[in-house]
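This is input33.tsv. It holds TSV, C-alpha atoms.
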```tsv
chain	number	residue	atom	x	y	z
A	1	MET	CA	-23.31	-20.95	1.71
A	2	ASP	CA	-23.76	-21.08	-2.08
A	3	LYS	CA	-22.04	-18.89	-4.65
A	4	GLU	CA	-24.96	-16.52	-4.93
A	5	GLN	CA	-24.81	-15.85	-1.21
A	6	ILE	CA	-21.04	-15.38	-1.44
A	7	PHE	CA	-21.52	-13.00	-4.37
A	8	ASN	CA	-23.98	-10.90	-2.36
A	9	GLU	CA	-21.68	-10.86	0.67
A	10	VAL	CA	-18.68	-9.90	-1.48
A	11	VAL	CA	-20.57	-7.03	-3.11
A	12	GLY	CA	-21.83	-5.95	0.31
A	13	ILE	CA	-18.25	-5.75	1.59
A	14	ILE	CA	-16.91	-3.94	-1.46
A	15	LYS	CA	-19.69	-1.36	-1.62
A	16	ASP	CA	-18.33	0.29	1.53
A	17	TYR	CA	-15.18	1.16	-0.44
A	18	VAL	CA	-16.86	2.39	-3.64
A	19	LYS	CA	-17.18	6.17	-3.67
A	20	ASP	CA	-19.69	6.34	-6.54
A	21	PRO	CA	-22.68	4.03	-5.78
A	22	SER	CA	-23.83	4.16	-9.42
A	23	ARG	CA	-20.83	2.00	-10.33
A	24	LEU	CA	-22.44	-0.85	-8.40
A	25	GLU	CA	-25.67	-0.83	-10.42
A	26	ASN	CA	-24.56	-3.39	-12.99
A	27	VAL	CA	-22.00	-5.25	-10.93
A	28	ASN	CA	-21.37	-8.83	-12.03
A	29	MET	CA	-18.74	-11.56	-11.86
A	30	GLU	CA	-16.58	-9.82	-14.49
A	31	THR	CA	-16.57	-6.46	-12.71
A	32	SER	CA	-13.01	-5.31	-11.98
A	33	ILE	CA	-12.69	-4.06	-8.41
A	34	LEU	CA	-9.99	-1.52	-9.29
A	35	GLU	CA	-10.87	-0.47	-12.84
A	36	ASP	CA	-14.67	-0.60	-12.85
A	37	LEU	CA	-15.45	0.25	-9.25
A	38	LYS	CA	-12.53	2.69	-8.87
A	39	VAL	CA	-11.41	1.20	-5.57
A	40	ASN	CA	-7.84	2.24	-4.88
A	41	SER	CA	-5.08	-0.30	-4.32
A	42	ALA	CA	-4.71	0.34	-0.60
A	43	ARG	CA	-8.43	-0.19	-0.09
A	44	LEU	CA	-8.17	-3.49	-1.94
A	45	VAL	CA	-5.89	-4.63	0.88
A	46	ASP	CA	-8.62	-3.65	3.37
A	47	ILE	CA	-11.16	-5.58	1.30
A	48	ILE	CA	-9.04	-8.73	1.39
A	49	ILE	CA	-8.84	-8.42	5.18
A	50	ALA	CA	-12.63	-7.96	5.33
A	51	PHE	CA	-13.07	-11.13	3.23
A	52	GLU	CA	-10.94	-13.02	5.75
A	53	ASP	CA	-13.09	-11.80	8.64
A	54	THR	CA	-16.45	-12.31	6.96
A	55	PHE	CA	-15.81	-15.77	5.55
A	56	ASP	CA	-13.40	-16.93	8.29
A	57	VAL	CA	-10.70	-17.82	5.78
A	58	GLU	CA	-7.02	-17.00	5.49
A	59	ILE	CA	-6.01	-15.44	2.17
A	60	GLU	CA	-2.32	-15.76	1.34
A	61	ASP	CA	-0.53	-12.91	-0.47
A	62	ASP	CA	-0.25	-14.91	-3.70
A	63	ASP	CA	-3.97	-15.70	-3.65
A	64	ALA	CA	-4.89	-12.10	-2.84
A	65	ASP	CA	-2.78	-11.08	-5.82
A	66	ASN	CA	-5.12	-13.03	-8.12
A	67	ILE	CA	-8.29	-11.35	-6.86
A	68	ARG	CA	-8.94	-8.60	-9.40
A	69	THR	CA	-12.66	-9.08	-10.22
A	70	ILE	CA	-15.76	-9.83	-8.19
A	71	GLY	CA	-15.77	-13.28	-9.79
A	72	ASP	CA	-12.17	-13.92	-8.73
A	73	ALA	CA	-13.18	-13.23	-5.13
A	74	VAL	CA	-16.38	-15.28	-5.27
A	75	ASN	CA	-14.70	-18.29	-6.88
A	76	TYR	CA	-11.74	-18.17	-4.52
A	77	ILE	CA	-13.93	-17.92	-1.42
A	78	ALA	CA	-16.27	-20.60	-2.72
A	79	GLY	CA	-13.27	-22.88	-3.09
A	80	LYS	CA	-12.18	-22.12	0.45
A	81	VAL	CA	-15.58	-22.61	2.10
A	82	GLY	CA	-16.49	-25.58	-0.08
A	83	THR	CA	-19.18	-24.82	-2.62
A	84	ASP	CA	-19.16	-25.01	-6.38
A	85	GLN	CA	-22.67	-23.87	-7.22
A	86	ALA	CA	-22.80	-21.28	-9.96
A	87	VAL	CA	-24.02	-17.74	-9.49
A	88	LYS	CA	-27.42	-17.45	-11.18
B	1	MET	CA	7.61	4.94	-15.27
B	2	GLY	CA	5.08	5.36	-12.49
B	3	ASN	CA	4.01	7.69	-9.73
B	4	ASP	CA	1.86	7.58	-6.63
B	5	ILE	CA	0.54	10.12	-4.17
B	6	VAL	CA	-0.85	9.70	-0.67
B	7	ASP	CA	-2.83	12.41	1.11
B	8	ARG	CA	-1.45	12.12	4.63
B	9	ARG	CA	-4.62	13.58	6.19
B	10	ALA	CA	-7.09	11.47	4.23
B	11	VAL	CA	-9.40	9.48	6.47
B	12	ASP	CA	-8.06	6.22	5.06
B	13	ALA	CA	-4.39	7.22	5.55
B	14	ALA	CA	-4.07	9.06	8.86
B	15	GLY	CA	-3.46	6.58	11.64
B	16	LYS	CA	-3.34	3.60	9.27
B	17	SER	CA	-0.02	2.43	10.73
B	18	ARG	CA	-2.01	1.30	13.77
B	19	ASP	CA	-3.87	-1.21	11.56
B	20	ALA	CA	-1.52	-4.13	12.21
B	21	ARG	CA	-3.12	-6.47	9.67
B	22	PHE	CA	-2.90	-3.89	6.91
B	23	VAL	CA	0.73	-3.16	7.78
B	24	ARG	CA	1.63	-6.87	7.76
B	25	ARG	CA	0.15	-7.23	4.27
B	26	VAL	CA	2.18	-4.30	2.94
B	27	LEU	CA	5.53	-4.30	4.75
B	28	THR	CA	8.12	-7.02	5.25
B	29	ASP	CA	8.63	-8.25	8.81
B	30	GLN	CA	11.77	-6.12	9.09
B	31	GLU	CA	9.95	-3.03	7.82
B	32	ASP	CA	7.05	-3.74	10.18
B	33	ARG	CA	9.42	-3.59	13.15
B	34	ALA	CA	11.10	-0.45	11.84
B	35	CYS	CA	7.69	1.15	11.26
B	36	ARG	CA	6.61	0.53	14.84
B	37	GLN	CA	9.88	2.02	16.15
B	38	SER	CA	9.69	5.01	13.82
B	39	VAL	CA	9.02	8.50	15.18
B	40	ASP	CA	6.35	8.83	12.48
B	41	PRO	CA	4.92	5.37	11.72
B	42	ASP	CA	2.30	6.73	9.31
B	43	GLN	CA	5.00	8.44	7.25
B	44	TYR	CA	7.10	5.27	7.27
B	45	LEU	CA	4.13	3.21	6.07
B	46	TRP	CA	3.03	5.56	3.30
B	47	VAL	CA	6.52	6.22	1.98
B	48	ALA	CA	6.97	2.45	1.69
B	49	TRP	CA	3.54	2.12	0.09
B	50	ALA	CA	4.05	4.91	-2.44
B	51	ALA	CA	7.43	3.47	-3.43
B	52	ARG	CA	5.92	0.04	-4.02
B	53	GLU	CA	2.89	1.36	-5.87
B	54	THR	CA	5.09	3.52	-8.10
B	55	ALA	CA	7.26	0.53	-8.94
B	56	TYR	CA	4.22	-1.65	-9.64
B	57	LYS	CA	2.74	0.96	-11.99
B	58	ALA	CA	6.03	1.26	-13.84
B	59	MET	CA	6.33	-2.52	-14.19
B	60	ALA	CA	2.70	-3.12	-15.15
B	61	LYS	CA	3.13	-1.10	-18.34
B	62	SER	CA	5.50	-3.74	-19.71
B	63	TRP	CA	4.11	-6.73	-17.79
B	64	PRO	CA	0.35	-6.18	-17.27
B	65	ASP	CA	0.00	-9.43	-15.33
B	66	ILE	CA	2.91	-8.80	-12.98
B	67	SER	CA	2.24	-9.40	-9.30
B	68	ALA	CA	0.68	-6.47	-7.46
B	69	SER	CA	1.38	-8.01	-4.06
B	70	PRO	CA	3.11	-5.26	-2.03
B	71	ARG	CA	5.50	-7.62	-0.27
B	72	ARG	CA	6.96	-8.72	-3.59
B	73	TYR	CA	8.34	-5.18	-3.97
B	74	GLN	CA	11.24	-4.21	-1.75
B	75	PRO	CA	12.24	-0.55	-1.53
B	76	VAL	CA	15.68	0.46	-0.30
B	77	PHE	CA	16.21	4.13	0.43
B	78	ASP	CA	19.29	6.30	0.27
B	79	ASP	CA	18.74	9.29	2.54
B	80	SER	CA	22.03	10.92	1.67
B	81	ILE	CA	20.35	13.70	-0.33
B	82	GLY	CA	18.71	14.87	2.90
B	83	GLY	CA	15.90	17.36	3.28
B	84	GLN	CA	12.40	16.30	2.38
B	85	ASN	CA	13.35	14.03	-0.49
B	86	LEU	CA	14.39	10.38	-0.49
B	87	ARG	CA	16.10	8.62	-3.34
B	88	GLY	CA	15.96	4.85	-3.62
B	89	VAL	CA	15.42	1.74	-5.64
B	90	VAL	CA	12.60	-0.81	-5.53
B	91	GLN	CA	13.43	-4.42	-6.29
B	92	THR	CA	10.45	-5.88	-8.17
B	93	PRO	CA	9.63	-9.34	-9.57
B	94	LYS	CA	11.21	-8.09	-12.84
B	95	THR	CA	13.68	-5.20	-13.02
B	96	PRO	CA	14.61	-2.54	-10.44
B	97	VAL	CA	12.73	0.76	-10.41
B	98	TYR	CA	14.62	3.89	-9.38
B	99	ILE	CA	12.53	6.23	-7.28
B	100	LEU	CA	12.41	9.69	-5.78
B	101	VAL	CA	10.03	10.30	-2.86
B	102	MET	CA	8.94	13.82	-1.98
B	103	ILE	CA	7.83	13.98	1.66
B	104	ARG	CA	5.69	16.99	2.41
B	105	ALA	CA	3.52	18.02	5.36
B	106	ASP	CA	0.30	17.19	3.50
B	107	TYR	CA	1.30	14.47	1.09
B	108	ILE	CA	3.84	11.89	0.03
B	109	HIS	CA	4.58	11.75	-3.68
B	110	CYS	CA	6.78	9.19	-5.37
B	111	ILE	CA	8.01	9.06	-8.96
B	112	GLY	CA	10.05	6.28	-10.48
B	113	GLN	CA	11.27	4.60	-13.59
B	114	THR	CA	13.37	1.71	-14.79
B	115	ARG	CA	16.92	2.10	-16.09
B	116	GLN	CA	17.88	5.39	-14.46
B	117	SER	CA	17.25	7.88	-11.69
B	118	PRO	CA	13.95	9.73	-12.19
B	119	GLU	CA	15.20	13.26	-11.52
B	120	HIS	CA	14.83	14.30	-15.16
B	121	LEU	CA	11.12	13.44	-15.24
B	122	VAL	CA	8.57	16.23	-15.30
B	123	TRP	CA	6.09	15.99	-12.44
B	124	GLY	CA	3.50	18.03	-10.61
B	125	VAL	CA	1.05	17.88	-7.74
B	126	GLU	CA	-2.36	19.55	-7.83
B	127	ARG	CA	-4.44	20.33	-4.76
B	128	LEU	CA	-8.06	19.56	-5.64
B	129	PHE	CA	-9.77	20.23	-2.34
B	130	ALA	CA	-8.92	22.56	0.54
B	131	GLN	CA	-9.91	20.15	3.30
B	132	PRO	CA	-9.97	16.37	3.70
B	133	ASP	CA	-13.41	14.80	3.31
B	134	PRO	CA	-14.25	13.25	6.72
B	135	ALA	CA	-16.11	10.44	4.93
B	136	GLY	CA	-13.32	9.94	2.40
B	137	ASN	CA	-15.72	10.46	-0.48
B	138	HIS	CA	-13.85	12.80	-2.79
B	139	ASP	CA	-15.19	12.06	-6.29
B	140	PRO	CA	-12.63	9.88	-8.12
B	141	ASP	CA	-13.97	10.91	-11.53
B	142	ARG	CA	-13.39	14.57	-10.73
B	143	GLN	CA	-9.94	13.75	-9.39
B	144	SER	CA	-9.12	11.90	-12.61
B	145	ALA	CA	-10.45	14.68	-14.82
B	146	VAL	CA	-8.46	17.36	-13.02
B	147	VAL	CA	-5.19	15.47	-13.08
B	148	ARG	CA	-5.58	14.63	-16.77
B	149	ARG	CA	-6.19	18.27	-17.62
B	150	ALA	CA	-3.27	19.45	-15.49
B	151	ALA	CA	-0.93	16.87	-16.97
B	152	ALA	CA	-2.07	17.60	-20.51
B	153	THR	CA	-1.49	21.32	-20.00
B	154	ARG	CA	2.03	20.65	-18.69
B	155	VAL	CA	2.82	18.26	-21.55
B	156	ALA	CA	1.58	20.87	-24.03
B	157	ALA	CA	3.82	23.52	-22.46
B	158	CYS	CA	6.83	21.19	-22.66
B	159	ILE	CA	6.34	20.45	-26.35
B	160	LYS	CA	5.22	24.01	-27.12
B	161	LEU	CA	1.72	23.24	-28.34
B	162	PRO	CA	-1.64	24.73	-27.34
B	163	ALA	CA	-3.15	22.86	-24.38
B	164	ALA	CA	-6.19	22.00	-26.49
B	165	ASP	CA	-3.99	19.90	-28.79
B	166	VAL	CA	-3.06	17.47	-26.02
B	167	GLY	CA	-5.40	14.93	-24.44
B	168	ILE	CA	-4.88	12.10	-21.98
B	169	ARG	CA	-7.12	9.08	-21.94
B	170	ARG	CA	-7.10	5.39	-21.21
B	171	ARG	CA	-6.87	2.85	-23.97
B	172	GLN	CA	-8.15	-0.68	-24.30
B	173	ASP	CA	-6.05	-3.48	-25.71
B	174	GLN	CA	-7.85	-4.60	-28.86
B	175	VAL	CA	-7.03	-8.27	-28.31
B	176	SER	CA	-7.20	-8.85	-24.56
B	177	ARG	CA	-9.76	-6.04	-23.96
B	178	GLN	CA	-7.59	-5.15	-20.97
B	179	ILE	CA	-7.74	-1.50	-19.90
B	180	LEU	CA	-4.31	0.03	-20.39
B	181	PRO	CA	-2.73	2.90	-18.45
B	182	PRO	CA	-3.51	6.43	-19.65
B	183	GLY	CA	-1.76	7.58	-22.79
B	184	VAL	CA	-0.97	11.00	-24.26
B	185	TYR	CA	-2.73	11.96	-27.50
B	186	ILE	CA	-1.54	14.86	-29.61
B	187	ARG	CA	-4.19	16.18	-31.97
B	188	GLY	CA	-5.99	12.90	-31.47
B	189	VAL	CA	-3.02	10.68	-32.29
B	190	TYR	CA	-1.51	8.42	-29.64
B	191	SER	CA	2.02	9.50	-28.75
B	192	GLU	CA	4.89	7.62	-27.12
B	193	ILE	CA	5.13	10.07	-24.24
B	194	ASP	CA	5.29	7.95	-21.11
B	195	ILE	CA	2.95	9.31	-18.44
B	196	SER	CA	1.65	8.25	-15.04
B	197	LEU	CA	-1.28	9.74	-13.12
B	198	SER	CA	-2.41	9.27	-9.54
B	199	HIS	CA	-4.80	10.81	-7.07
B	200	HIS	CA	-5.72	10.39	-3.44
B	201	GLY	CA	-7.81	12.53	-1.14
B	202	ARG	CA	-7.16	16.21	-1.75
B	203	PHE	CA	-4.34	15.68	-4.23
B	204	ALA	CA	-3.69	14.55	-7.76
B	205	ALA	CA	-0.24	14.04	-9.27
B	206	TYR	CA	1.37	13.29	-12.58
B	207	ALA	CA	4.79	12.49	-13.97
B	208	PHE	CA	5.95	12.10	-17.53
B	209	SER	CA	9.03	11.72	-19.62
B	210	ILE	CA	9.74	13.49	-22.89
B	211	SER	CA	12.88	12.01	-24.33
```

As a first step, turn the structure in this file into structure tokens.
Amino acid sequence: MDKEQIFNEVVGIIKDYVKDPSRLENVNMETSILEDLKVNSARLVDIIIAFEDTFDVEIEDDDADNIRTIGDAVNYIAGKVGTDQAVK
Amino acid sequence: MGNDIVDRRAVDAAGKSRDARFVRRVLTDQEDRACRQSVDPDQYLWVAWAARETAYKAMAKSWPDISASPRRYQPVFDDSIGGQNLRGVVQTPKTPVYILVMIRADYIHCIGQTRQSPEHLVWGVERLFAQPDPAGNHDPDRQSAVVRRAAATRVAACIKLPAADVGIRRRQDQVSRQILPPGVYIRGVYSEIDISLSHHGRFAAYAFSIS
């Protein structure tokens, strides 16, 4: 799985928690999950759990704490599943 | 200072204490056991959540990069005041935050601040919608707009100005470009009034301090 696939999977997971779909129109690696997509903090916990299930990884509390943007999630998961290809 | 509100009947809150993985990411092992033995596990969970979130918001104003990990925040409650309110303190990665939790049939609202008990803060809760949205899709922009207007009106009343003279909006740090918490503007000028806004489901809440 390359980073572009991870990016698409990550956005696919997060979109279920975004109440205003228009906020996803220009989503990119710098997009803040809380500030830009208006996901609330409790739902971010659900998203981390969904990442664990989808990518079959375990995300420690300290690592989850550092996931604030889409790019943080993609890069972290890429590191866990073993790819370093850039998102186009 | 910070505040947080949880709509107890929101689709993403009611029954959430049965989500064991969510609970384990939020509560300590000891709290997890106490939650499961509680007569109202959902209330236990969301009181603990609101306390932590309030403390995090209060801390993040001074330390924007402070950990947001719930388990790094440890609330301890003092139920001696009885009734529907709980007083307590949250140990954080930095300094303690003193909190007051209002437990109501429809919502849980927590206010808190560093240095002293938060009883002197001004706070309010606004009901935005009569019924919970079964899909959980209450518009966050509308929620934000309503709570800002309500808070601005209350601030204006406290400082004896027309409501139109007070505005609340987010700022951006000019160096880091980081989005900062909402600030109070009086006739367009940023003021030092410390304010915190929150919304969830049918409710929006605010708290502020005018020293």

Counting only C-alpha atoms, what is within 8 Å of Ile77 of chain A, bar same-chain residues fewer than 6 positions away, as a ChimeraX atom specification? /A:6,55,57

Would you tabulate, counting all atoms listed in the file, all residues of chain A that have an atom at most 8 Å from an atom of chain B, showing the closest pair of atoms and their distance in Å to one decimal, sorted by chain then ascending number, as JSON lines?
```
{"residue": "A:Lys19", "atom": "CA", "partner": "B:Asn137", "partner_atom": "CA", "distance": 5.5}
{"residue": "A:Asp20", "atom": "CA", "partner": "B:Asp139", "partner_atom": "CA", "distance": 7.3}
{"residue": "A:Glu35", "atom": "CA", "partner": "B:Ile179", "partner_atom": "CA", "distance": 7.8}
{"residue": "A:Lys38", "atom": "CA", "partner": "B:Pro140", "partner_atom": "CA", "distance": 7.2}
{"residue": "A:Val45", "atom": "CA", "partner": "B:Phe22", "partner_atom": "CA", "distance": 6.8}
{"residue": "A:Asp46", "atom": "CA", "partner": "B:Phe22", "partner_atom": "CA", "distance": 6.7}
{"residue": "A:Ile49", "atom": "CA", "partner": "B:Arg21", "partner_atom": "CA", "distance": 7.5}
{"residue": "A:Asp61", "atom": "CA", "partner": "B:Ser69", "partner_atom": "CA", "distance": 6.4}
{"residue": "A:Asp62", "atom": "CA", "partner": "B:Ser69", "partner_atom": "CA", "distance": 7.1}
{"residue": "A:Ala64", "atom": "CA", "partner": "B:Ser69", "partner_atom": "CA", "distance": 7.6}
{"residue": "A:Asp65", "atom": "CA", "partner": "B:Ser69", "partner_atom": "CA", "distance": 5.5}
```

Answer as number ranges by chain, residues within 12 Å of (-16.0, -6.2, -11.5) using only C-alpha atoms: A: 7, 10-11, 14-15, 18, 23-39, 67-74

May I have the selected residues written with C-alpha atoms, as an mmCIF file, keeping the file's coordinate frame?
```
data_model
loop_
_atom_site.group_PDB
_atom_site.id
_atom_site.type_symbol
_atom_site.label_atom_id
_atom_site.label_comp_id
_atom_site.auth_asym_id
_atom_site.auth_seq_id
_atom_site.Cartn_x
_atom_site.Cartn_y
_atom_site.Cartn_z
ATOM 1 C CA PHE A 7 -21.520 -13.000 -4.370
ATOM 2 C CA VAL A 10 -18.680 -9.900 -1.480
ATOM 3 C CA VAL A 11 -20.570 -7.030 -3.110
ATOM 4 C CA ILE A 14 -16.910 -3.940 -1.460
ATOM 5 C CA LYS A 15 -19.690 -1.360 -1.620
ATOM 6 C CA VAL A 18 -16.860 2.390 -3.640
ATOM 7 C CA ARG A 23 -20.830 2.000 -10.330
ATOM 8 C CA LEU A 24 -22.440 -0.850 -8.400
ATOM 9 C CA GLU A 25 -25.670 -0.830 -10.420
ATOM 10 C CA ASN A 26 -24.560 -3.390 -12.990
ATOM 11 C CA VAL A 27 -22.000 -5.250 -10.930
ATOM 12 C CA ASN A 28 -21.370 -8.830 -12.030
ATOM 13 C CA MET A 29 -18.740 -11.560 -11.860
ATOM 14 C CA GLU A 30 -16.580 -9.820 -14.490
ATOM 15 C CA THR A 31 -16.570 -6.460 -12.710
ATOM 16 C CA SER A 32 -13.010 -5.310 -11.980
ATOM 17 C CA ILE A 33 -12.690 -4.060 -8.410
ATOM 18 C CA LEU A 34 -9.990 -1.520 -9.290
ATOM 19 C CA GLU A 35 -10.870 -0.470 -12.840
ATOM 20 C CA ASP A 36 -14.670 -0.600 -12.850
ATOM 21 C CA LEU A 37 -15.450 0.250 -9.250
ATOM 22 C CA LYS A 38 -12.530 2.690 -8.870
ATOM 23 C CA VAL A 39 -11.410 1.200 -5.570
ATOM 24 C CA ILE A 67 -8.290 -11.350 -6.860
ATOM 25 C CA ARG A 68 -8.940 -8.600 -9.400
ATOM 26 C CA THR A 69 -12.660 -9.080 -10.220
ATOM 27 C CA ILE A 70 -15.760 -9.830 -8.190
ATOM 28 C CA GLY A 71 -15.770 -13.280 -9.790
ATOM 29 C CA ASP A 72 -12.170 -13.920 -8.730
ATOM 30 C CA ALA A 73 -13.180 -13.230 -5.130
ATOM 31 C CA VAL A 74 -16.380 -15.280 -5.270
#
```

Hey, which of B:Gln116, B:Ser198, B:Thr95, B:Gln172 ends up closest to Ala145 of chain B? Count all atoms listed in the file.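 Among the listed residues, the smallest separation from Ala145 of chain B belongs to B:Ser198.
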
Report, in Å with one decimal, the straight-line distance from atom CA of Pro182 of chain B to atom CA of Val90 of chain B. 22.6 Å

Take atom CA of Arg8 of chain B and atom CA of Arg154 of chain B and report the distance between them in Å, one decimal.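 Computed distance, atom CA of Arg8 of chain B to atom CA of Arg154 of chain B, equals 25.1 Å.
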
Between atom CA of Phe203 of chain B and atom CA of Ala150 of chain B, what is the distance in Å, rounded to a tenth?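 Between atom CA of Phe203 of chain B and atom CA of Ala150 of chain B the gap works out to 11.9 Å.
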
For Leu100 of chain B, work out the shell of residues within 9 Å, counting all atoms listed in the file and skipping chain neighbours fewer than 4 positions away, then give it as a list in words.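 That gives Ala51, Asn85, Leu86, Arg87, Gly88, Val89, His109, Cys110, Ile111, Gly112, Ser117, Pro118 and Glu119 of chain B.
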
Point (-9.7, -16.2, 0.9) neighbourhood (7 Å, all atoms listed in the file) written as a PDB file with C-alpha atoms, in the coordinates of the input:
```pdb
ATOM      1  CA  PHE A  51     -13.070 -11.130   3.230  1.00  0.00           C
ATOM      2  CA  GLU A  52     -10.940 -13.020   5.750  1.00  0.00           C
ATOM      3  CA  VAL A  57     -10.700 -17.820   5.780  1.00  0.00           C
ATOM      4  CA  GLU A  58      -7.020 -17.000   5.490  1.00  0.00           C
ATOM      5  CA  ILE A  59      -6.010 -15.440   2.170  1.00  0.00           C
ATOM      6  CA  TYR A  76     -11.740 -18.170  -4.520  1.00  0.00           C
ATOM      7  CA  ILE A  77     -13.930 -17.920  -1.420  1.00  0.00           C
ATOM      8  CA  LYS A  80     -12.180 -22.120   0.450  1.00  0.00           C
TER       9      LYS A  80
END
```

My list of candidates is B:Glu126, B:Asp173, B:Asp40, B:Asp165. Which is closest to Gly15 of chain B when distances are computed with all atoms listed in the file?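 Using all atoms listed in the file, Gly15 of chain B sits closest to B:Asp40.
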